[in-house]
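Below is target_32.txt, holding compact mmCIF, N, CA and C atoms.
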```
# COMPACT_ATOMS: atom_id res chain seq x y z
N MET A 1 -19.63 -58.29 23.33
CA MET A 1 -18.52 -57.54 23.88
C MET A 1 -19.05 -56.57 24.93
N ASN A 2 -18.40 -56.51 26.08
CA ASN A 2 -18.85 -55.58 27.13
C ASN A 2 -18.14 -54.23 26.98
N LYS A 3 -18.51 -53.29 27.84
CA LYS A 3 -17.99 -51.93 27.73
C LYS A 3 -16.47 -51.86 27.87
N ILE A 4 -15.94 -52.60 28.84
CA ILE A 4 -14.49 -52.55 29.07
C ILE A 4 -13.74 -53.14 27.88
N SER A 5 -14.19 -54.29 27.38
CA SER A 5 -13.49 -54.89 26.25
C SER A 5 -13.68 -54.07 24.97
N THR A 6 -14.82 -53.39 24.84
CA THR A 6 -15.02 -52.51 23.69
C THR A 6 -14.04 -51.34 23.75
N ASN A 7 -13.92 -50.70 24.90
CA ASN A 7 -12.95 -49.61 25.05
C ASN A 7 -11.54 -50.09 24.77
N LYS A 8 -11.21 -51.27 25.28
CA LYS A 8 -9.87 -51.83 25.06
C LYS A 8 -9.64 -52.09 23.58
N THR A 9 -10.64 -52.63 22.90
CA THR A 9 -10.53 -52.89 21.46
C THR A 9 -10.34 -51.59 20.69
N ILE A 10 -11.12 -50.57 21.04
CA ILE A 10 -10.99 -49.27 20.36
C ILE A 10 -9.60 -48.70 20.59
N LEU A 11 -9.09 -48.77 21.83
CA LEU A 11 -7.77 -48.22 22.15
C LEU A 11 -6.65 -48.99 21.45
N ILE A 12 -6.74 -50.32 21.45
CA ILE A 12 -5.71 -51.12 20.78
C ILE A 12 -5.73 -50.87 19.28
N THR A 13 -6.93 -50.85 18.71
CA THR A 13 -7.05 -50.60 17.27
C THR A 13 -6.52 -49.22 16.91
N GLY A 14 -6.86 -48.21 17.71
CA GLY A 14 -6.33 -46.87 17.47
C GLY A 14 -4.81 -46.83 17.54
N SER A 15 -4.25 -47.55 18.50
CA SER A 15 -2.80 -47.61 18.64
C SER A 15 -2.14 -48.31 17.45
N VAL A 16 -2.72 -49.42 17.02
CA VAL A 16 -2.18 -50.16 15.87
C VAL A 16 -2.29 -49.31 14.60
N MET A 17 -3.43 -48.65 14.43
CA MET A 17 -3.61 -47.80 13.24
C MET A 17 -2.62 -46.63 13.27
N GLY A 18 -2.35 -46.08 14.45
CA GLY A 18 -1.36 -45.02 14.58
C GLY A 18 0.04 -45.51 14.23
N LEU A 19 0.40 -46.69 14.76
CA LEU A 19 1.70 -47.28 14.44
C LEU A 19 1.83 -47.52 12.94
N LEU A 20 0.79 -48.10 12.34
CA LEU A 20 0.84 -48.36 10.90
C LEU A 20 0.94 -47.07 10.10
N ALA A 21 0.28 -46.01 10.57
CA ALA A 21 0.37 -44.72 9.89
C ALA A 21 1.81 -44.19 9.91
N VAL A 22 2.48 -44.34 11.04
CA VAL A 22 3.88 -43.89 11.14
C VAL A 22 4.76 -44.74 10.21
N LEU A 23 4.57 -46.04 10.24
CA LEU A 23 5.37 -46.93 9.38
C LEU A 23 5.11 -46.65 7.90
N LEU A 24 3.84 -46.51 7.54
CA LEU A 24 3.51 -46.22 6.14
C LEU A 24 3.97 -44.83 5.74
N GLY A 25 3.91 -43.88 6.66
CA GLY A 25 4.42 -42.54 6.38
C GLY A 25 5.91 -42.55 6.10
N ALA A 26 6.65 -43.33 6.89
CA ALA A 26 8.10 -43.45 6.67
C ALA A 26 8.37 -44.12 5.33
N PHE A 27 7.60 -45.15 5.03
CA PHE A 27 7.75 -45.83 3.73
C PHE A 27 7.45 -44.86 2.59
N GLY A 28 6.38 -44.07 2.75
CA GLY A 28 6.02 -43.11 1.73
C GLY A 28 7.07 -42.04 1.54
N ALA A 29 7.70 -41.63 2.62
CA ALA A 29 8.71 -40.56 2.55
C ALA A 29 10.06 -41.06 2.06
N HIS A 30 10.38 -42.33 2.35
CA HIS A 30 11.73 -42.80 2.05
C HIS A 30 11.80 -43.97 1.06
N GLY A 31 10.71 -44.68 0.89
CA GLY A 31 10.75 -45.85 0.02
C GLY A 31 10.03 -45.68 -1.30
N LEU A 32 9.04 -44.85 -1.33
CA LEU A 32 8.23 -44.71 -2.54
C LEU A 32 8.83 -43.78 -3.58
N GLU A 33 9.69 -42.86 -3.15
CA GLU A 33 10.17 -41.81 -4.06
C GLU A 33 10.86 -42.37 -5.31
N LYS A 34 11.41 -43.56 -5.22
CA LYS A 34 12.09 -44.15 -6.38
C LYS A 34 11.13 -45.02 -7.20
N LEU A 35 9.93 -45.23 -6.65
CA LEU A 35 9.00 -46.16 -7.30
C LEU A 35 7.82 -45.49 -7.99
N VAL A 36 7.40 -44.33 -7.47
CA VAL A 36 6.23 -43.65 -8.03
C VAL A 36 6.50 -42.16 -8.17
N ASN A 37 5.59 -41.46 -8.84
CA ASN A 37 5.80 -40.02 -9.05
C ASN A 37 5.33 -39.20 -7.84
N ALA A 38 5.61 -37.90 -7.89
CA ALA A 38 5.31 -37.01 -6.76
C ALA A 38 3.81 -36.92 -6.48
N GLU A 39 2.99 -36.95 -7.51
CA GLU A 39 1.54 -36.89 -7.32
C GLU A 39 1.04 -38.13 -6.56
N GLN A 40 1.59 -39.27 -6.87
CA GLN A 40 1.21 -40.51 -6.19
C GLN A 40 1.69 -40.49 -4.73
N ILE A 41 2.86 -39.92 -4.49
CA ILE A 41 3.35 -39.79 -3.11
C ILE A 41 2.41 -38.88 -2.32
N ASP A 42 1.94 -37.80 -2.95
CA ASP A 42 0.98 -36.91 -2.29
C ASP A 42 -0.30 -37.66 -1.93
N SER A 43 -0.78 -38.50 -2.84
CA SER A 43 -1.98 -39.30 -2.57
C SER A 43 -1.74 -40.25 -1.40
N PHE A 44 -0.59 -40.90 -1.42
CA PHE A 44 -0.22 -41.84 -0.36
C PHE A 44 -0.19 -41.10 0.98
N THR A 45 0.40 -39.90 0.98
CA THR A 45 0.49 -39.09 2.18
C THR A 45 -0.89 -38.71 2.70
N THR A 46 -1.83 -38.45 1.80
CA THR A 46 -3.21 -38.16 2.21
C THR A 46 -3.80 -39.36 2.94
N GLY A 47 -3.58 -40.55 2.41
CA GLY A 47 -4.07 -41.76 3.08
C GLY A 47 -3.47 -41.91 4.47
N VAL A 48 -2.18 -41.67 4.60
CA VAL A 48 -1.51 -41.76 5.90
C VAL A 48 -2.06 -40.72 6.87
N ARG A 49 -2.23 -39.50 6.38
CA ARG A 49 -2.72 -38.41 7.23
C ARG A 49 -4.12 -38.72 7.77
N TYR A 50 -5.02 -39.16 6.91
CA TYR A 50 -6.37 -39.48 7.37
C TYR A 50 -6.38 -40.70 8.29
N GLN A 51 -5.51 -41.64 8.03
CA GLN A 51 -5.41 -42.79 8.94
C GLN A 51 -4.97 -42.33 10.33
N MET A 52 -3.98 -41.45 10.39
CA MET A 52 -3.49 -40.97 11.68
C MET A 52 -4.55 -40.14 12.40
N TYR A 53 -5.24 -39.26 11.67
CA TYR A 53 -6.30 -38.46 12.31
C TYR A 53 -7.31 -39.37 13.00
N HIS A 54 -7.70 -40.41 12.30
CA HIS A 54 -8.75 -41.28 12.84
C HIS A 54 -8.20 -42.27 13.87
N ALA A 55 -6.93 -42.60 13.80
CA ALA A 55 -6.30 -43.40 14.85
C ALA A 55 -6.31 -42.60 16.16
N ILE A 56 -5.94 -41.33 16.08
CA ILE A 56 -5.97 -40.47 17.27
C ILE A 56 -7.39 -40.34 17.79
N MET A 57 -8.34 -40.20 16.87
CA MET A 57 -9.73 -40.08 17.28
C MET A 57 -10.19 -41.36 17.99
N CYS A 58 -9.74 -42.52 17.55
CA CYS A 58 -10.08 -43.77 18.24
C CYS A 58 -9.50 -43.79 19.65
N LEU A 59 -8.31 -43.26 19.83
CA LEU A 59 -7.72 -43.19 21.17
C LEU A 59 -8.55 -42.27 22.07
N ILE A 60 -9.03 -41.18 21.52
CA ILE A 60 -9.90 -40.28 22.29
C ILE A 60 -11.22 -40.98 22.59
N LEU A 61 -11.81 -41.59 21.58
CA LEU A 61 -13.10 -42.27 21.72
C LEU A 61 -13.04 -43.38 22.77
N GLY A 62 -11.98 -44.17 22.75
CA GLY A 62 -11.84 -45.27 23.71
C GLY A 62 -11.71 -44.80 25.14
N ASN A 63 -11.31 -43.56 25.33
CA ASN A 63 -11.16 -43.00 26.68
C ASN A 63 -12.35 -42.17 27.13
N MET A 64 -13.31 -41.96 26.24
CA MET A 64 -14.47 -41.13 26.60
C MET A 64 -15.45 -41.93 27.46
N THR A 65 -15.84 -41.34 28.55
CA THR A 65 -16.82 -42.00 29.42
C THR A 65 -18.21 -41.38 29.28
N ILE A 66 -18.29 -40.29 28.57
CA ILE A 66 -19.55 -39.56 28.46
C ILE A 66 -20.47 -40.11 27.37
N LEU A 67 -19.91 -40.84 26.42
CA LEU A 67 -20.73 -41.40 25.34
C LEU A 67 -21.25 -42.78 25.71
N SER A 68 -22.40 -43.13 25.16
CA SER A 68 -22.97 -44.45 25.41
C SER A 68 -22.14 -45.52 24.72
N TYR A 69 -22.26 -46.70 25.24
CA TYR A 69 -21.58 -47.88 24.69
C TYR A 69 -21.97 -48.07 23.22
N ALA A 70 -23.26 -47.98 22.93
CA ALA A 70 -23.75 -48.18 21.56
C ALA A 70 -23.20 -47.11 20.61
N SER A 71 -23.16 -45.87 21.06
CA SER A 71 -22.62 -44.79 20.23
C SER A 71 -21.15 -45.01 19.93
N LYS A 72 -20.40 -45.38 20.95
CA LYS A 72 -18.96 -45.61 20.75
C LYS A 72 -18.71 -46.72 19.74
N LYS A 73 -19.48 -47.80 19.85
CA LYS A 73 -19.32 -48.91 18.91
C LYS A 73 -19.62 -48.48 17.49
N LYS A 74 -20.71 -47.76 17.30
CA LYS A 74 -21.11 -47.32 15.96
C LYS A 74 -20.04 -46.40 15.36
N ILE A 75 -19.60 -45.43 16.14
CA ILE A 75 -18.58 -44.48 15.67
C ILE A 75 -17.29 -45.21 15.34
N PHE A 76 -16.88 -46.11 16.23
CA PHE A 76 -15.65 -46.87 16.02
C PHE A 76 -15.70 -47.67 14.73
N TYR A 77 -16.78 -48.40 14.51
CA TYR A 77 -16.87 -49.23 13.30
C TYR A 77 -16.93 -48.39 12.03
N LEU A 78 -17.56 -47.22 12.10
CA LEU A 78 -17.55 -46.33 10.94
C LEU A 78 -16.13 -45.82 10.67
N PHE A 79 -15.43 -45.40 11.72
CA PHE A 79 -14.05 -44.94 11.53
C PHE A 79 -13.15 -46.07 11.03
N LEU A 80 -13.26 -47.24 11.61
CA LEU A 80 -12.42 -48.36 11.18
C LEU A 80 -12.68 -48.72 9.73
N GLY A 81 -13.96 -48.84 9.38
CA GLY A 81 -14.29 -49.15 7.98
C GLY A 81 -13.81 -48.06 7.05
N GLY A 82 -13.95 -46.81 7.49
CA GLY A 82 -13.49 -45.69 6.68
C GLY A 82 -11.98 -45.69 6.48
N ILE A 83 -11.24 -45.97 7.54
CA ILE A 83 -9.77 -46.04 7.43
C ILE A 83 -9.38 -47.13 6.44
N ILE A 84 -9.97 -48.30 6.60
CA ILE A 84 -9.61 -49.43 5.74
C ILE A 84 -9.94 -49.13 4.28
N LEU A 85 -11.15 -48.64 4.04
CA LEU A 85 -11.56 -48.39 2.65
C LEU A 85 -10.91 -47.15 2.06
N PHE A 86 -10.87 -46.05 2.80
CA PHE A 86 -10.30 -44.81 2.28
C PHE A 86 -8.79 -44.91 2.15
N SER A 87 -8.12 -45.04 3.29
CA SER A 87 -6.65 -45.07 3.25
C SER A 87 -6.14 -46.32 2.55
N GLY A 88 -6.75 -47.46 2.86
CA GLY A 88 -6.30 -48.72 2.25
C GLY A 88 -6.38 -48.70 0.74
N SER A 89 -7.48 -48.18 0.20
CA SER A 89 -7.60 -48.13 -1.26
C SER A 89 -6.58 -47.17 -1.87
N ILE A 90 -6.31 -46.06 -1.18
CA ILE A 90 -5.29 -45.13 -1.69
C ILE A 90 -3.94 -45.81 -1.73
N TYR A 91 -3.58 -46.52 -0.66
CA TYR A 91 -2.29 -47.22 -0.64
C TYR A 91 -2.19 -48.19 -1.82
N LEU A 92 -3.23 -48.97 -2.02
CA LEU A 92 -3.22 -49.96 -3.10
C LEU A 92 -3.17 -49.30 -4.47
N LEU A 93 -3.93 -48.22 -4.65
CA LEU A 93 -3.93 -47.54 -5.96
C LEU A 93 -2.58 -46.91 -6.27
N VAL A 94 -1.88 -46.46 -5.24
CA VAL A 94 -0.56 -45.85 -5.46
C VAL A 94 0.48 -46.92 -5.81
N ILE A 95 0.44 -48.06 -5.15
CA ILE A 95 1.49 -49.06 -5.38
C ILE A 95 1.08 -50.15 -6.38
N ASP A 96 -0.06 -50.01 -7.05
CA ASP A 96 -0.49 -51.06 -7.96
C ASP A 96 0.51 -51.32 -9.08
N GLU A 97 1.11 -50.25 -9.62
CA GLU A 97 2.11 -50.43 -10.68
C GLU A 97 3.35 -51.14 -10.15
N VAL A 98 3.72 -50.82 -8.92
CA VAL A 98 4.88 -51.46 -8.29
C VAL A 98 4.61 -52.95 -8.13
N LEU A 99 3.36 -53.28 -7.79
CA LEU A 99 2.97 -54.69 -7.63
C LEU A 99 2.78 -55.38 -8.97
N GLY A 100 2.70 -54.60 -10.05
CA GLY A 100 2.50 -55.17 -11.37
C GLY A 100 1.06 -55.59 -11.63
N VAL A 101 0.13 -54.96 -10.91
CA VAL A 101 -1.28 -55.29 -11.04
C VAL A 101 -2.06 -54.00 -11.22
N SER A 102 -3.05 -54.02 -12.10
CA SER A 102 -3.89 -52.83 -12.27
C SER A 102 -5.06 -52.93 -11.31
N LEU A 103 -5.10 -52.00 -10.36
CA LEU A 103 -6.17 -51.98 -9.37
C LEU A 103 -7.10 -50.79 -9.55
N SER A 104 -7.05 -50.17 -10.73
CA SER A 104 -7.85 -48.97 -10.95
C SER A 104 -9.34 -49.24 -10.77
N SER A 105 -9.76 -50.47 -10.88
CA SER A 105 -11.18 -50.81 -10.73
C SER A 105 -11.67 -50.65 -9.28
N ILE A 106 -10.74 -50.54 -8.33
CA ILE A 106 -11.17 -50.35 -6.93
C ILE A 106 -11.24 -48.88 -6.54
N GLY A 107 -11.07 -47.99 -7.51
CA GLY A 107 -11.09 -46.56 -7.24
C GLY A 107 -12.37 -46.07 -6.60
N PHE A 108 -13.49 -46.76 -6.84
CA PHE A 108 -14.77 -46.35 -6.25
C PHE A 108 -14.79 -46.55 -4.74
N ILE A 109 -13.88 -47.35 -4.21
CA ILE A 109 -13.85 -47.65 -2.78
C ILE A 109 -13.39 -46.45 -1.97
N THR A 110 -12.52 -45.63 -2.53
CA THR A 110 -11.98 -44.48 -1.80
C THR A 110 -13.08 -43.53 -1.33
N PRO A 111 -13.97 -43.07 -2.22
CA PRO A 111 -15.03 -42.18 -1.72
C PRO A 111 -16.00 -42.88 -0.77
N LEU A 112 -16.20 -44.17 -0.93
CA LEU A 112 -17.04 -44.91 0.01
C LEU A 112 -16.42 -44.88 1.40
N GLY A 113 -15.10 -45.07 1.47
CA GLY A 113 -14.39 -44.97 2.75
C GLY A 113 -14.48 -43.58 3.34
N GLY A 114 -14.36 -42.56 2.49
CA GLY A 114 -14.51 -41.18 2.94
C GLY A 114 -15.90 -40.92 3.49
N PHE A 115 -16.91 -41.51 2.84
CA PHE A 115 -18.29 -41.37 3.31
C PHE A 115 -18.44 -42.00 4.69
N LEU A 116 -17.82 -43.16 4.93
CA LEU A 116 -17.89 -43.79 6.25
C LEU A 116 -17.23 -42.91 7.31
N LEU A 117 -16.10 -42.28 6.97
CA LEU A 117 -15.44 -41.38 7.92
C LEU A 117 -16.36 -40.19 8.24
N ILE A 118 -16.99 -39.64 7.22
CA ILE A 118 -17.92 -38.53 7.43
C ILE A 118 -19.07 -38.97 8.33
N LEU A 119 -19.65 -40.15 8.05
CA LEU A 119 -20.73 -40.66 8.88
C LEU A 119 -20.28 -40.84 10.33
N GLY A 120 -19.05 -41.31 10.52
CA GLY A 120 -18.51 -41.46 11.87
C GLY A 120 -18.51 -40.13 12.61
N TRP A 121 -18.08 -39.08 11.93
CA TRP A 121 -18.06 -37.75 12.55
C TRP A 121 -19.48 -37.25 12.81
N ILE A 122 -20.39 -37.51 11.88
CA ILE A 122 -21.79 -37.08 12.08
C ILE A 122 -22.38 -37.78 13.30
N PHE A 123 -22.18 -39.10 13.40
CA PHE A 123 -22.70 -39.83 14.57
C PHE A 123 -22.01 -39.38 15.86
N PHE A 124 -20.74 -39.02 15.77
CA PHE A 124 -20.03 -38.49 16.94
C PHE A 124 -20.68 -37.19 17.41
N ILE A 125 -20.94 -36.30 16.48
CA ILE A 125 -21.58 -35.02 16.81
C ILE A 125 -22.97 -35.25 17.39
N ILE A 126 -23.75 -36.10 16.74
CA ILE A 126 -25.10 -36.40 17.23
C ILE A 126 -25.04 -36.97 18.64
N SER A 127 -24.11 -37.86 18.88
CA SER A 127 -23.96 -38.46 20.22
C SER A 127 -23.61 -37.41 21.27
N LEU A 128 -22.77 -36.46 20.89
CA LEU A 128 -22.42 -35.39 21.83
C LEU A 128 -23.61 -34.48 22.10
N VAL A 129 -24.38 -34.19 21.07
CA VAL A 129 -25.54 -33.32 21.24
C VAL A 129 -26.59 -33.98 22.16
N LYS A 130 -26.68 -35.30 22.09
CA LYS A 130 -27.68 -36.03 22.88
C LYS A 130 -27.33 -36.17 24.36
N ILE A 131 -26.12 -35.82 24.73
CA ILE A 131 -25.71 -35.92 26.13
C ILE A 131 -26.55 -34.98 26.98
N LYS A 132 -27.06 -35.54 28.08
CA LYS A 132 -27.92 -34.72 28.97
C LYS A 132 -27.13 -34.18 30.12
```
Represent the structure of the file as structure tokens.
Amino acid sequence: MNKISTNKTILITGSVMGLLAVLLGAFGAHGLEKLVNAEQIDSFTTGVRYQMYHAIMCLILGNMTILSYASKKKIFYLFLGGIILFSGSIYLLVIDEVLGVSLSSIGFITPLGGFLLILGWIFFIISLVKIK
């Protein structure tokens, strides 16, 4: 993948993740209230919020010209993996009863996703510090 297509991929992915965050947020606010308890809705909202934060960050990242191509790719993949594992596992854990399946065994994935998000921010900071 070249620099232009990488930026385009980051921007499109950020946009799709932002759209999904809005859709999931609306579902959480209007569709889940009859299906799960308030604590589960709060958890779902946390997943949506972190997804949106990192979707916006991908939009910023895709537009940055000051970072190296390699840094952008690394940060992007850490954020994407973090969104999928952190937010995705929260969504599944909240709606598992609705689906009629026990997914409690995937609970370890949530902190792993959070760790990837943290690593993404650490690499972002390191990349900024390395700018000459």
Selection near Leu35 (chain A), 12 Å with only C-alpha atoms, sequence-local residues under 5 positions removed, as a PyMOL selection string = chain A and resi 27-30+40-41+94-100
Spatial neighbours of Ile125 (chain A), max dist 12 Å, only C-alpha atoms, sep filter under 6 positions, as a CSV table (one decimal) with N, CA and C atoms, keeping the file's coordinate frame:
```
chain,number,residue,atom,x,y,z
A,67,LEU,N,-19.9,-40.8,26.4
A,67,LEU,CA,-20.7,-41.4,25.3
A,67,LEU,C,-21.2,-42.8,25.7
A,71,SER,N,-23.2,-45.9,21.1
A,71,SER,CA,-22.6,-44.8,20.2
A,71,SER,C,-21.2,-45.0,19.9
A,72,LYS,N,-20.4,-45.4,21.0
A,72,LYS,CA,-19.0,-45.6,20.8
A,72,LYS,C,-18.7,-46.7,19.7
A,75,ILE,N,-19.6,-45.4,16.1
A,75,ILE,CA,-18.6,-44.5,15.7
A,75,ILE,C,-17.3,-45.2,15.3
A,118,ILE,N,-17.0,-39.6,7.2
A,118,ILE,CA,-17.9,-38.5,7.4
A,118,ILE,C,-19.1,-39.0,8.3
A,119,LEU,N,-19.6,-40.2,8.0
A,119,LEU,CA,-20.7,-40.7,8.9
A,119,LEU,C,-20.3,-40.8,10.3
A,131,ILE,N,-26.1,-35.8,24.7
A,131,ILE,CA,-25.7,-35.9,26.1
A,131,ILE,C,-26.6,-35.0,27.0
```
Can you pull out every residue within 5 Å of region 8-16 of chain A, counting all atoms listed in the file, but drop anything in the same chain fewer than 3 positions away, and send it as a PyMOL selection string?
-> chain A and resi 4-5+19-20+55+58-59+62
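Among the candidates A:Tyr69, A:Ala26, A:Leu32, A:Met57, the one nearest to Lys3 (chain A) when counting all atoms listed in the file is A:Tyr69.
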A:Thr65, A:Ser105, A:Asn2, A:Ser89 ranked by distance to Thr46 (chain A), top pick (using only C-alpha atoms) =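 Closest to Thr46 (chain A) of all the choices is A:Ser89.
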Got a sec to tell me which of region 8-102 of chain A DSSP assigns to helix (DSSP H, G or I), as a ChimeraX atom specification?
-> /A:8-30,38-63,69-99
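Going from atom C of Lys74 (chain A) to CA of Tyr91 (chain A) covers 23.9 Å.
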Atom pair CA of Pro111 (chain A) / CA of Gln51 (chain A): separation (Å) =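 Interatomic distance here is 14.4 Å.
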